[in-house]
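Peer 1: Contents are mmCIF, C-alpha atoms (C1' of nucleotides); file name model.cif:
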data_upload
#
loop_
_atom_site.group_PDB
_atom_site.id
_atom_site.type_symbol
_atom_site.label_atom_id
_atom_site.label_comp_id
_atom_site.auth_asym_id
_atom_site.auth_seq_id
_atom_site.Cartn_x
_atom_site.Cartn_y
_atom_site.Cartn_z
ATOM 1 C CA MET F 1 -13.725 -16.285 -17.375
ATOM 2 C CA ASN F 2 -16.753 -14.025 -17.165
ATOM 3 C CA GLN F 3 -17.985 -11.454 -19.619
ATOM 4 C CA THR F 4 -16.634 -8.517 -17.660
ATOM 5 C CA SER F 5 -13.095 -9.758 -17.537
ATOM 6 C CA ALA F 6 -13.223 -10.859 -21.160
ATOM 7 C CA ILE F 7 -14.245 -7.378 -22.196
ATOM 8 C CA HIS F 8 -11.586 -5.893 -19.983
ATOM 9 C CA LYS F 9 -8.879 -8.023 -21.555
ATOM 10 C CA THR F 10 -10.147 -7.192 -25.005
ATOM 11 C CA SER F 11 -10.120 -3.484 -24.327
ATOM 12 C CA GLN F 12 -6.558 -3.786 -23.087
ATOM 13 C CA LEU F 13 -5.542 -5.482 -26.282
ATOM 14 C CA PHE F 14 -7.054 -2.626 -28.245
ATOM 15 C CA ALA F 15 -5.327 -0.117 -26.021
ATOM 16 C CA SER F 16 -1.967 -1.757 -26.584
ATOM 17 C CA ILE F 17 -2.226 -1.231 -30.334
ATOM 18 C CA SER F 18 -4.038 2.084 -30.334
ATOM 19 C CA GLN F 19 -0.905 3.946 -31.219
ATOM 20 C CA PRO F 20 0.835 4.569 -34.560
ATOM 21 C CA ALA F 21 4.284 3.563 -33.361
ATOM 22 C CA ARG F 22 2.982 0.262 -32.008
ATOM 23 C CA ILE F 23 1.195 -0.560 -35.232
ATOM 24 C CA LEU F 24 4.298 0.273 -37.223
ATOM 25 C CA ILE F 25 6.362 -2.009 -35.030
ATOM 26 C CA LEU F 26 3.912 -4.866 -35.454
ATOM 27 C CA LEU F 27 3.850 -4.377 -39.209
ATOM 28 C CA ALA F 28 7.628 -4.297 -39.306
ATOM 29 C CA ILE F 29 7.880 -7.520 -37.354
ATOM 30 C CA GLY F 30 5.235 -9.041 -39.568
ATOM 31 C CA GLU F 31 5.229 -12.799 -39.723
ATOM 32 C CA GLY F 32 8.926 -13.026 -39.072
ATOM 33 C CA GLU F 33 11.279 -11.920 -36.399
ATOM 34 C CA ALA F 34 13.020 -8.632 -35.780
ATOM 35 C CA CYS F 35 15.620 -7.353 -33.406
ATOM 36 C CA VAL F 36 15.418 -3.929 -31.870
ATOM 37 C CA CYS F 37 18.219 -2.526 -33.978
ATOM 38 C CA HIS F 38 16.349 -3.624 -37.077
ATOM 39 C CA LEU F 39 13.243 -1.790 -35.990
ATOM 40 C CA GLU F 40 15.379 1.157 -35.036
ATOM 41 C CA THR F 41 16.822 1.416 -38.510
ATOM 42 C CA LEU F 42 13.633 0.567 -40.314
ATOM 43 C CA LEU F 43 11.326 2.934 -38.469
ATOM 44 C CA GLY F 44 13.768 5.692 -37.610
ATOM 45 C CA TYR F 45 12.891 5.760 -33.927
ATOM 46 C CA ARG F 46 15.352 5.866 -31.078
ATOM 47 C CA GLN F 47 16.203 2.614 -29.396
ATOM 48 C CA ALA F 48 14.712 3.451 -26.012
ATOM 49 C CA TYR F 49 11.496 4.568 -27.625
ATOM 50 C CA ILE F 50 11.145 1.269 -29.431
ATOM 51 C CA SER F 51 12.051 -0.693 -26.337
ATOM 52 C CA GLN F 52 9.353 1.075 -24.387
ATOM 53 C CA HIS F 53 6.707 0.201 -26.918
ATOM 54 C CA LEU F 54 7.960 -3.349 -27.150
ATOM 55 C CA MET F 55 7.689 -3.622 -23.406
ATOM 56 C CA ALA F 56 4.053 -2.487 -23.567
ATOM 57 C CA LEU F 57 3.333 -4.930 -26.367
ATOM 58 C CA ARG F 58 5.035 -7.675 -24.397
ATOM 59 C CA GLU F 59 2.968 -6.963 -21.316
ATOM 60 C CA ALA F 60 -0.151 -6.993 -23.453
ATOM 61 C CA GLY F 61 0.823 -10.420 -24.736
ATOM 62 C CA VAL F 62 1.044 -9.281 -28.327
ATOM 63 C CA VAL F 63 4.708 -10.028 -28.884
ATOM 64 C CA LYS F 64 7.245 -12.332 -27.347
ATOM 65 C CA ALA F 65 10.970 -11.902 -27.034
ATOM 66 C CA ARG F 66 13.787 -14.326 -27.614
ATOM 67 C CA ARG F 67 17.244 -13.485 -26.433
ATOM 68 C CA ASP F 68 20.267 -14.529 -28.404
ATOM 69 C CA GLY F 69 23.510 -13.164 -27.075
ATOM 70 C CA ARG F 70 23.199 -9.462 -26.845
ATOM 71 C CA TYR F 71 20.355 -9.320 -29.320
ATOM 72 C CA ALA F 72 16.688 -9.592 -28.555
ATOM 73 C CA PHE F 73 14.453 -10.924 -31.282
ATOM 74 C CA TYR F 74 10.811 -10.101 -31.238
ATOM 75 C CA ARG F 75 8.022 -12.048 -32.837
ATOM 76 C CA LEU F 76 4.257 -11.756 -32.893
ATOM 77 C CA LYS F 77 2.646 -14.134 -30.459
ATOM 78 C CA ASP F 78 -0.166 -14.577 -32.944
ATOM 79 C CA THR F 79 0.096 -13.252 -36.462
ATOM 80 C CA HIS F 80 -3.672 -12.873 -36.585
ATOM 81 C CA ILE F 81 -3.026 -9.523 -34.977
ATOM 82 C CA LEU F 82 -2.034 -8.408 -38.470
ATOM 83 C CA ASN F 83 -5.456 -9.322 -39.767
ATOM 84 C CA LEU F 84 -6.987 -7.350 -36.940
ATOM 85 C CA ILE F 85 -4.985 -4.313 -37.956
ATOM 86 C CA HIS F 86 -5.939 -4.589 -41.598
ATOM 87 C CA GLU F 87 -9.584 -5.052 -40.765
ATOM 88 C CA ALA F 88 -9.505 -2.028 -38.498
ATOM 89 C CA ALA F 89 -7.903 -0.026 -41.270
ATOM 90 C CA SER F 90 -10.693 -1.084 -43.567
ATOM 91 C CA LEU F 91 -13.289 -0.047 -40.993
ATOM 92 C CA ALA F 92 -11.508 3.273 -40.689
ATOM 93 C CA GLY F 93 -11.884 3.710 -44.409
ATOM 94 C CA THR F 94 -8.216 3.342 -45.189
ATOM 95 C CA LYS F 95 -5.743 0.745 -46.274
ATOM 96 C CA ILE F 96 -2.460 -0.164 -44.649
ATOM 97 C CA THR F 97 0.258 -1.736 -46.722
ATOM 98 C CA SER F 98 2.238 -4.520 -45.132
ATOM 99 C CA TYR F 99 5.952 -4.613 -45.083
ATOM 100 C CA ALA F 100 7.251 -7.501 -47.123
ATOM 101 C CA ARG F 101 9.681 -9.581 -45.187
ATOM 102 C CA LEU F 102 13.146 -9.836 -46.563
ATOM 103 C CA LEU F 103 14.253 -13.403 -46.770
ATOM 104 C CA PRO F 104 16.824 -14.128 -44.123
ATOM 105 C CA ALA F 105 20.144 -15.236 -45.522
ATOM 106 C CA PRO F 106 20.396 -18.957 -44.808
ATOM 107 C CA PRO F 107 23.351 -19.072 -42.458
ATOM 108 C CA ARG F 108 22.794 -15.733 -40.810
ATOM 109 C CA GLN F 109 21.276 -15.313 -37.369
ATOM 110 C CA SER F 110 21.624 -11.611 -36.956
ATOM 111 C CA CYS F 111 19.015 -9.018 -37.666
ATOM 112 C CA LYS F 112 18.436 -7.467 -41.033
ATOM 113 C CA CYS F 113 19.368 -3.896 -40.421
ATOM 114 C CA PRO F 114 22.415 -2.542 -42.273
ATOM 115 C CA GLU F 115 24.347 -2.584 -39.036
ATOM 116 C CA CYS F 116 24.204 -6.300 -38.478
ATOM 117 C CA ALA F 117 23.254 -7.538 -41.929
ATOM 118 C CA PRO F 118 26.028 -6.777 -44.402
ATOM 119 C CA ASP F 119 23.967 -8.483 -47.087
ATOM 120 C CA LEU F 120 21.606 -5.558 -47.169
ATOM 121 C CA THR F 121 24.335 -3.176 -48.125
ATOM 122 C CA LYS F 122 24.680 -4.862 -51.461
ATOM 123 C CA PRO F 123 23.417 -2.646 -54.231
ATOM 124 C CA GLY F 124 20.022 -3.550 -55.598
ATOM 125 C CA LEU F 125 18.651 -4.944 -52.409
ATOM 126 C CA THR F 126 16.090 -2.638 -50.873
ATOM 127 C CA LEU F 127 13.132 -2.722 -48.610
ATOM 128 C CA GLN F 128 9.905 -3.262 -50.400
ATOM 129 C CA GLU F 129 6.308 -2.817 -49.554
ATOM 130 C CA THR F 130 3.444 -4.931 -50.686
ATOM 131 C CA GLY F 131 -0.240 -4.767 -50.075
ATOM 132 C CA MET K 1 -4.147 8.656 -48.410
ATOM 133 C CA ASN K 2 -0.635 7.747 -47.372
ATOM 134 C CA GLN K 3 0.589 5.058 -45.047
ATOM 135 C CA THR K 4 1.151 7.422 -42.147
ATOM 136 C CA SER K 5 -2.352 8.809 -42.121
ATOM 137 C CA ALA K 6 -3.863 5.378 -42.656
ATOM 138 C CA ILE K 7 -2.038 4.086 -39.603
ATOM 139 C CA HIS K 8 -3.038 7.140 -37.666
ATOM 140 C CA LYS K 9 -6.695 6.655 -38.490
ATOM 141 C CA THR K 10 -6.463 2.983 -37.623
ATOM 142 C CA SER K 11 -4.880 3.682 -34.274
ATOM 143 C CA GLN K 12 -7.658 6.152 -33.527
ATOM 144 C CA LEU K 13 -10.248 3.541 -34.276
ATOM 145 C CA PHE K 14 -8.551 1.184 -31.852
ATOM 146 C CA ALA K 15 -8.344 3.939 -29.268
ATOM 147 C CA SER K 16 -12.043 4.632 -29.556
ATOM 148 C CA ILE K 17 -12.909 1.073 -28.593
ATOM 149 C CA SER K 18 -10.115 0.449 -26.109
ATOM 150 C CA GLN K 19 -12.442 0.807 -23.191
ATOM 151 C CA PRO K 20 -14.846 -1.632 -21.533
ATOM 152 C CA ALA K 21 -17.797 0.760 -21.472
ATOM 153 C CA ARG K 22 -17.405 1.477 -25.191
ATOM 154 C CA ILE K 23 -17.279 -2.197 -26.066
ATOM 155 C CA LEU K 24 -20.349 -2.877 -23.948
ATOM 156 C CA ILE K 25 -22.201 -0.101 -25.710
ATOM 157 C CA LEU K 26 -21.299 -1.459 -29.125
ATOM 158 C CA LEU K 27 -22.347 -4.967 -28.131
ATOM 159 C CA ALA K 28 -25.613 -3.645 -26.763
ATOM 160 C CA ILE K 29 -26.358 -1.777 -29.957
ATOM 161 C CA GLY K 30 -25.408 -4.844 -31.919
ATOM 162 C CA GLU K 31 -26.843 -5.061 -35.393
ATOM 163 C CA GLY K 32 -29.901 -3.092 -34.423
ATOM 164 C CA GLU K 33 -30.610 0.290 -33.003
ATOM 165 C CA ALA K 34 -30.685 1.588 -29.463
ATOM 166 C CA CYS K 35 -31.672 4.793 -27.778
ATOM 167 C CA VAL K 36 -29.666 6.252 -24.943
ATOM 168 C CA CYS K 37 -32.288 5.453 -22.341
ATOM 169 C CA HIS K 38 -32.201 1.851 -23.440
ATOM 170 C CA LEU K 39 -28.442 1.664 -23.013
ATOM 171 C CA GLU K 40 -28.807 3.431 -19.697
ATOM 172 C CA THR K 41 -31.140 0.795 -18.347
ATOM 173 C CA LEU K 42 -29.351 -2.069 -19.978
ATOM 174 C CA LEU K 43 -25.838 -1.261 -18.870
ATOM 175 C CA GLY K 44 -26.588 0.498 -15.626
ATOM 176 C CA TYR K 45 -24.541 3.582 -16.434
ATOM 177 C CA ARG K 46 -25.568 7.176 -15.959
ATOM 178 C CA GLN K 47 -27.027 8.962 -18.933
ATOM 179 C CA ALA K 48 -24.271 11.546 -19.210
ATOM 180 C CA TYR K 49 -21.650 8.852 -19.019
ATOM 181 C CA ILE K 50 -23.187 6.979 -21.907
ATOM 182 C CA SER K 51 -23.638 10.150 -23.896
ATOM 183 C CA GLN K 52 -19.992 10.969 -23.475
ATOM 184 C CA HIS K 53 -18.901 7.604 -24.788
ATOM 185 C CA LEU K 54 -21.387 7.796 -27.625
ATOM 186 C CA MET K 55 -19.957 11.157 -28.556
ATOM 187 C CA ALA K 56 -16.480 9.655 -28.705
ATOM 188 C CA LEU K 57 -17.715 6.746 -30.778
ATOM 189 C CA ARG K 58 -19.537 9.150 -33.046
ATOM 190 C CA GLU K 59 -16.425 11.251 -33.564
ATOM 191 C CA ALA K 60 -14.484 8.098 -34.328
ATOM 192 C CA GLY K 61 -17.014 7.211 -36.985
ATOM 193 C CA VAL K 62 -18.021 3.993 -35.281
ATOM 194 C CA VAL K 63 -21.658 4.838 -34.648
ATOM 195 C CA LYS K 64 -24.182 7.184 -36.166
ATOM 196 C CA ALA K 65 -27.153 8.855 -34.552
ATOM 197 C CA ARG K 66 -30.679 9.327 -35.735
ATOM 198 C CA ARG K 67 -32.958 11.745 -33.982
ATOM 199 C CA ASP K 68 -36.617 11.029 -33.596
ATOM 200 C CA GLY K 69 -38.443 13.498 -31.436
ATOM 201 C CA ARG K 70 -36.707 13.652 -28.107
ATOM 202 C CA TYR K 71 -35.073 10.305 -28.578
ATOM 203 C CA ALA K 72 -31.748 9.613 -30.217
ATOM 204 C CA PHE K 73 -31.234 6.247 -31.785
ATOM 205 C CA TYR K 74 -27.760 4.941 -32.299
ATOM 206 C CA ARG K 75 -26.629 2.381 -34.787
ATOM 207 C CA LEU K 76 -23.289 0.916 -35.792
ATOM 208 C CA LYS K 77 -21.934 2.533 -38.903
ATOM 209 C CA ASP K 78 -20.507 -0.812 -39.914
ATOM 210 C CA THR K 79 -21.450 -3.960 -38.049
ATOM 211 C CA HIS K 80 -18.095 -5.459 -38.959
ATOM 212 C CA ILE K 81 -16.863 -3.682 -35.868
ATOM 213 C CA LEU K 82 -18.484 -6.533 -33.969
ATOM 214 C CA ASN K 83 -16.308 -9.022 -35.789
ATOM 215 C CA LEU K 84 -13.292 -6.937 -34.906
ATOM 216 C CA ILE K 85 -14.230 -7.072 -31.248
ATOM 217 C CA HIS K 86 -14.741 -10.810 -31.277
ATOM 218 C CA GLU K 87 -11.466 -11.387 -33.071
ATOM 219 C CA ALA K 88 -9.667 -9.213 -30.581
ATOM 220 C CA ALA K 89 -11.235 -11.158 -27.758
ATOM 221 C CA SER K 90 -9.994 -14.341 -29.335
ATOM 222 C CA LEU K 91 -6.502 -12.902 -29.634
ATOM 223 C CA ALA K 92 -6.711 -11.891 -25.994
ATOM 224 C CA GLY K 93 -7.462 -15.484 -25.150
ATOM 225 C CA THR K 94 -11.037 -14.861 -24.140
ATOM 226 C CA LYS K 95 -14.509 -15.002 -25.566
ATOM 227 C CA ILE K 96 -17.125 -12.298 -25.556
ATOM 228 C CA THR K 97 -20.746 -13.292 -25.828
ATOM 229 C CA SER K 98 -22.927 -11.187 -28.049
ATOM 230 C CA TYR K 99 -26.180 -9.795 -26.836
ATOM 231 C CA ALA K 100 -29.213 -10.904 -28.783
ATOM 232 C CA ARG K 101 -32.608 -9.532 -27.891
ATOM 233 C CA LEU K 102 -31.242 -8.240 -24.674
ATOM 234 C CA LEU K 103 -33.896 -6.808 -22.442
ATOM 235 C CA PRO K 104 -33.992 -6.154 -18.743
ATOM 236 C CA ALA K 105 -35.413 -8.970 -16.690
ATOM 237 C CA PRO K 106 -38.731 -8.448 -14.999
ATOM 238 C CA PRO K 107 -39.745 -6.353 -13.204
ATOM 239 C CA ARG K 108 -38.850 -4.247 -16.215
ATOM 240 C CA GLN K 109 -37.622 -0.759 -15.707
ATOM 241 C CA SER K 110 -36.658 -0.177 -19.260
ATOM 242 C CA CYS K 111 -37.165 3.086 -21.050
ATOM 243 C CA LYS K 112 -40.414 3.934 -22.730
ATOM 244 C CA CYS K 113 -39.043 4.737 -26.124
ATOM 245 C CA PRO K 114 -40.992 3.405 -29.100
ATOM 246 C CA GLU K 115 -38.276 0.892 -29.684
ATOM 247 C CA CYS K 116 -38.457 -0.779 -26.307
ATOM 248 C CA ALA K 117 -41.868 0.079 -24.973
ATOM 249 C CA PRO K 118 -43.925 -2.465 -26.926
ATOM 250 C CA ASP K 119 -41.745 -5.281 -25.719
ATOM 251 C CA LEU K 120 -42.228 -4.279 -22.139
ATOM 252 C CA THR K 121 -45.819 -5.310 -22.104
ATOM 253 C CA LYS K 122 -45.136 -8.752 -23.448
ATOM 254 C CA PRO K 123 -44.810 -11.373 -20.736
ATOM 255 C CA GLY K 124 -42.075 -13.969 -20.845
ATOM 256 C CA LEU K 125 -39.355 -11.818 -22.294
ATOM 257 C CA THR K 126 -36.234 -12.075 -20.201
ATOM 258 C CA LEU K 127 -32.586 -11.306 -20.262
ATOM 259 C CA GLN K 128 -30.887 -13.524 -22.761
ATOM 260 C CA GLU K 129 -27.429 -13.951 -24.081
ATOM 261 C CA THR K 130 -26.227 -15.824 -27.077
ATOM 262 C CA GLY K 131 -22.800 -16.488 -28.408
ATOM 263 C "C1'" DA X 1 40.540 -5.974 -17.104
ATOM 264 C "C1'" DG X 2 38.108 -1.947 -19.670
ATOM 265 C "C1'" DA X 3 35.402 -0.607 -23.653
ATOM 266 C "C1'" DT X 4 31.644 -1.221 -26.509
ATOM 267 C "C1'" DC X 5 27.428 -2.859 -28.010
ATOM 268 C "C1'" DA X 6 22.316 -4.104 -27.800
ATOM 269 C "C1'" DC X 7 18.751 -3.606 -25.192
ATOM 270 C "C1'" DA X 8 15.929 -2.628 -20.781
ATOM 271 C "C1'" DT X 9 14.435 0.280 -17.289
ATOM 272 C "C1'" DT X 10 13.556 4.337 -14.560
ATOM 273 C "C1'" DC X 11 12.312 9.093 -14.059
ATOM 274 C "C1'" DA X 12 9.758 13.104 -14.861
ATOM 275 C "C1'" DA X 13 7.255 16.522 -17.439
ATOM 276 C "C1'" DA X 14 3.771 17.137 -20.756
ATOM 277 C "C1'" DA X 15 -0.334 15.565 -22.902
ATOM 278 C "C1'" DA X 16 -4.482 13.096 -22.993
ATOM 279 C "C1'" DA X 17 -8.200 10.226 -21.227
ATOM 280 C "C1'" DT X 18 -11.456 9.327 -17.604
ATOM 281 C "C1'" DC X 19 -15.535 10.264 -15.162
ATOM 282 C "C1'" DG X 20 -18.626 12.627 -11.926
ATOM 283 C "C1'" DA X 21 -21.261 16.750 -11.497
ATOM 284 C "C1'" DA X 22 -23.653 20.413 -13.222
ATOM 285 C "C1'" DT X 23 -25.811 22.511 -16.800
ATOM 286 C "C1'" DG X 24 -27.659 23.393 -21.560
ATOM 287 C "C1'" DA X 25 -30.693 22.453 -25.514
ATOM 288 C "C1'" DG X 26 -34.444 20.679 -27.804
ATOM 289 C "C1'" DT X 27 -38.966 18.063 -27.537
ATOM 290 C "C1'" DT X 28 -43.279 16.884 -25.809
ATOM 291 C "C1'" DA X 29 -46.937 16.683 -22.341
ATOM 292 C "C1'" DA X 30 -49.976 19.087 -19.185
ATOM 293 C "C1'" DT D 1 -46.722 28.627 -20.627
ATOM 294 C "C1'" DT D 2 -44.791 25.629 -17.456
ATOM 295 C "C1'" DA D 3 -42.987 21.397 -16.466
ATOM 296 C "C1'" DA D 4 -41.036 17.128 -17.432
ATOM 297 C "C1'" DC D 5 -38.328 14.420 -20.232
ATOM 298 C "C1'" DT D 6 -34.305 12.847 -23.233
ATOM 299 C "C1'" DC D 7 -30.129 13.672 -24.612
ATOM 300 C "C1'" DA D 8 -25.783 16.673 -25.320
ATOM 301 C "C1'" DT D 9 -22.222 19.409 -23.631
ATOM 302 C "C1'" DT D 10 -19.083 21.746 -20.552
ATOM 303 C "C1'" DC D 11 -16.164 21.891 -16.534
ATOM 304 C "C1'" DG D 12 -12.759 20.264 -13.508
ATOM 305 C "C1'" DA D 13 -10.251 16.991 -10.688
ATOM 306 C "C1'" DT D 14 -8.049 12.761 -10.983
ATOM 307 C "C1'" DT D 15 -5.718 9.308 -13.276
ATOM 308 C "C1'" DT D 16 -3.313 7.427 -17.097
ATOM 309 C "C1'" DT D 17 -0.467 7.647 -21.137
ATOM 310 C "C1'" DT D 18 3.088 9.474 -23.754
ATOM 311 C "C1'" DT D 19 7.754 10.497 -24.698
ATOM 312 C "C1'" DG D 20 12.482 12.320 -24.168
ATOM 313 C "C1'" DA D 21 16.420 11.883 -21.324
ATOM 314 C "C1'" DA D 22 19.307 9.527 -18.461
ATOM 315 C "C1'" DT D 23 20.843 5.477 -16.660
ATOM 316 C "C1'" DG D 24 21.194 0.331 -15.759
ATOM 317 C "C1'" DT D 25 22.219 -4.496 -17.260
ATOM 318 C "C1'" DG D 26 24.263 -8.059 -19.434
ATOM 319 C "C1'" DA D 27 26.874 -9.858 -23.381
ATOM 320 C "C1'" DT D 28 30.858 -9.484 -26.379
ATOM 321 C "C1'" DC D 29 35.168 -7.758 -27.955
ATOM 322 C "C1'" DT D 30 40.011 -6.211 -27.405
#
Please re-express this file's structure in structure tokens.

Peer 2:
Amino acid sequence: MNQTSAIHKTSQLFASISQPARILILLAIGEGEACVCHLETLLGYRQAYISQHLMALREAGVVKARRDGRYAFYRLKDTHILNLIHEAASLAGTKITSYARLLPAPPRQSCKCPECAPDLTKPGLTLQETG
Amino acid sequence: MNQTSAIHKTSQLFASISQPARILILLAIGEGEACVCHLETLLGYRQAYISQHLMALREAGVVKARRDGRYAFYRLKDTHILNLIHEAASLAGTKITSYARLLPAPPRQSCKCPECAPDLTKPGLTLQETG
DNA sequence: AGATCACATTCAAAAAATCGAATGAGTTAA
DNA sequence: TTAACTCATTCGATTTTTTGAATGTGATCT
């Protein structure tokens, strides 16, 4: 592994997250797991749009997918990518707030969006942000 | 400063360094200062090419320029950008070696700017890398 | 079986980045 | 002043990325 190829790989990693939608997706996945429909609901993007970005992130080795039935669950390959994002935000003179992960209901395997997670429709349960 | 604009600024920072030539330039500048002619000799790129990338890095707020006569000296606005690069390399599964005291090997064809010229007369200075 | 759901992929047009070439602008030396 | 030097900028062709739209694939349900 020479210097040139190391720099090339590094630049490709940067390129894969040099886009607002990608960063939002990574933040939404956080340290947990998220299915596409969850991201769709959470971020308000169309499914195909999210899938495209997830494909790019997958090819860049940033996320990995797990299939379970007709759902696909995405997870960060290395959660240190979140640190990278926060440090970049700091260098850019701003601050990005992380999405707090909602605790998954013990027996449930589905995603957390209102569509597949009836628990979230209970009053009083909302999405929260934390720094 | 809301979340959307913070993410936008962060993605722009990533975009500005999502390119091998840019990363090489930042590594070459390192924690010191470098004139364009120095980078030209060091990296083997054309002057206009380097100037273009420096302009992009300047607009992204990554580097700042200082003019001294007909020379322009560039410096990192925040050397933490180097940490960011190394962390990204690690996430990409590679390792980038920093340049320390990097000078062209003899016979030296480096620029004659005040910054580099004195070193050129000293014997025994060669191209060195350090991690 | 057909219908529906969750997601992936392809296609194409628009937008942006890349990069070489030429040129401009300011500084200093002759 | 003229010339040479250092760097910045513009221009344009090529390539890449972005993004909406349409469609494909496989799993699940009825």

Peer 1: What residues have an atom no more than 10 Å from (-26.3, 22.7, -22.2) in the file's own frame, counting all atoms listed in the file, and can you write them as a PyMOL selection string?

Peer 2: (chain X and resi 22-25) or (chain D and resi 8-10)

Peer 1: So how many Å separate CA of Ala72 (chain K) and CA of Ala34 (chain K), to one decimal?

Peer 2: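 Computing it gives 8.1 Å between the two atoms.
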
Peer 1: What does the PyMOL selection byres ((chain X) within 9 of (chain K)) select in this file, as a PyMOL selection string?

Peer 2: chain X and resi 19-20+26-28

Peer 1: Of the candidates F:Glu59, F:Tyr99, F:Ala88, F:Glu31, which shows the shortest atom-to-atom distance to chain K, using all atoms listed in the file?

Peer 2: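 For chain K, the nearest of the candidates is F:Ala88.
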
Peer 1: I'd like to see the residues matched by the PyMOL selection byres ((chain D and resi 22) around 12) on this file, and ideally I'd get them as number ranges by chain.

Peer 2: F: 48; X: 9-12; D: 20-21, 23-24

Peer 1: Which of these residues is nearest to chain F, using only C-alpha atoms (C1' of nucleotides): D:DT6, D:DT1, D:DT14, D:DT25?

Peer 2: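 Of D:DT6, D:DT1, D:DT14, D:DT25, the one nearest chain F is D:DT25, counting only C-alpha atoms (C1' of nucleotides).
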
Peer 1: Within 9 Å of chain F, which residues of chain D show up when using only C-alpha atoms (C1' of nucleotides), listed as a PyMOL selection string?

Peer 2: chain D and resi 19-20+26-28
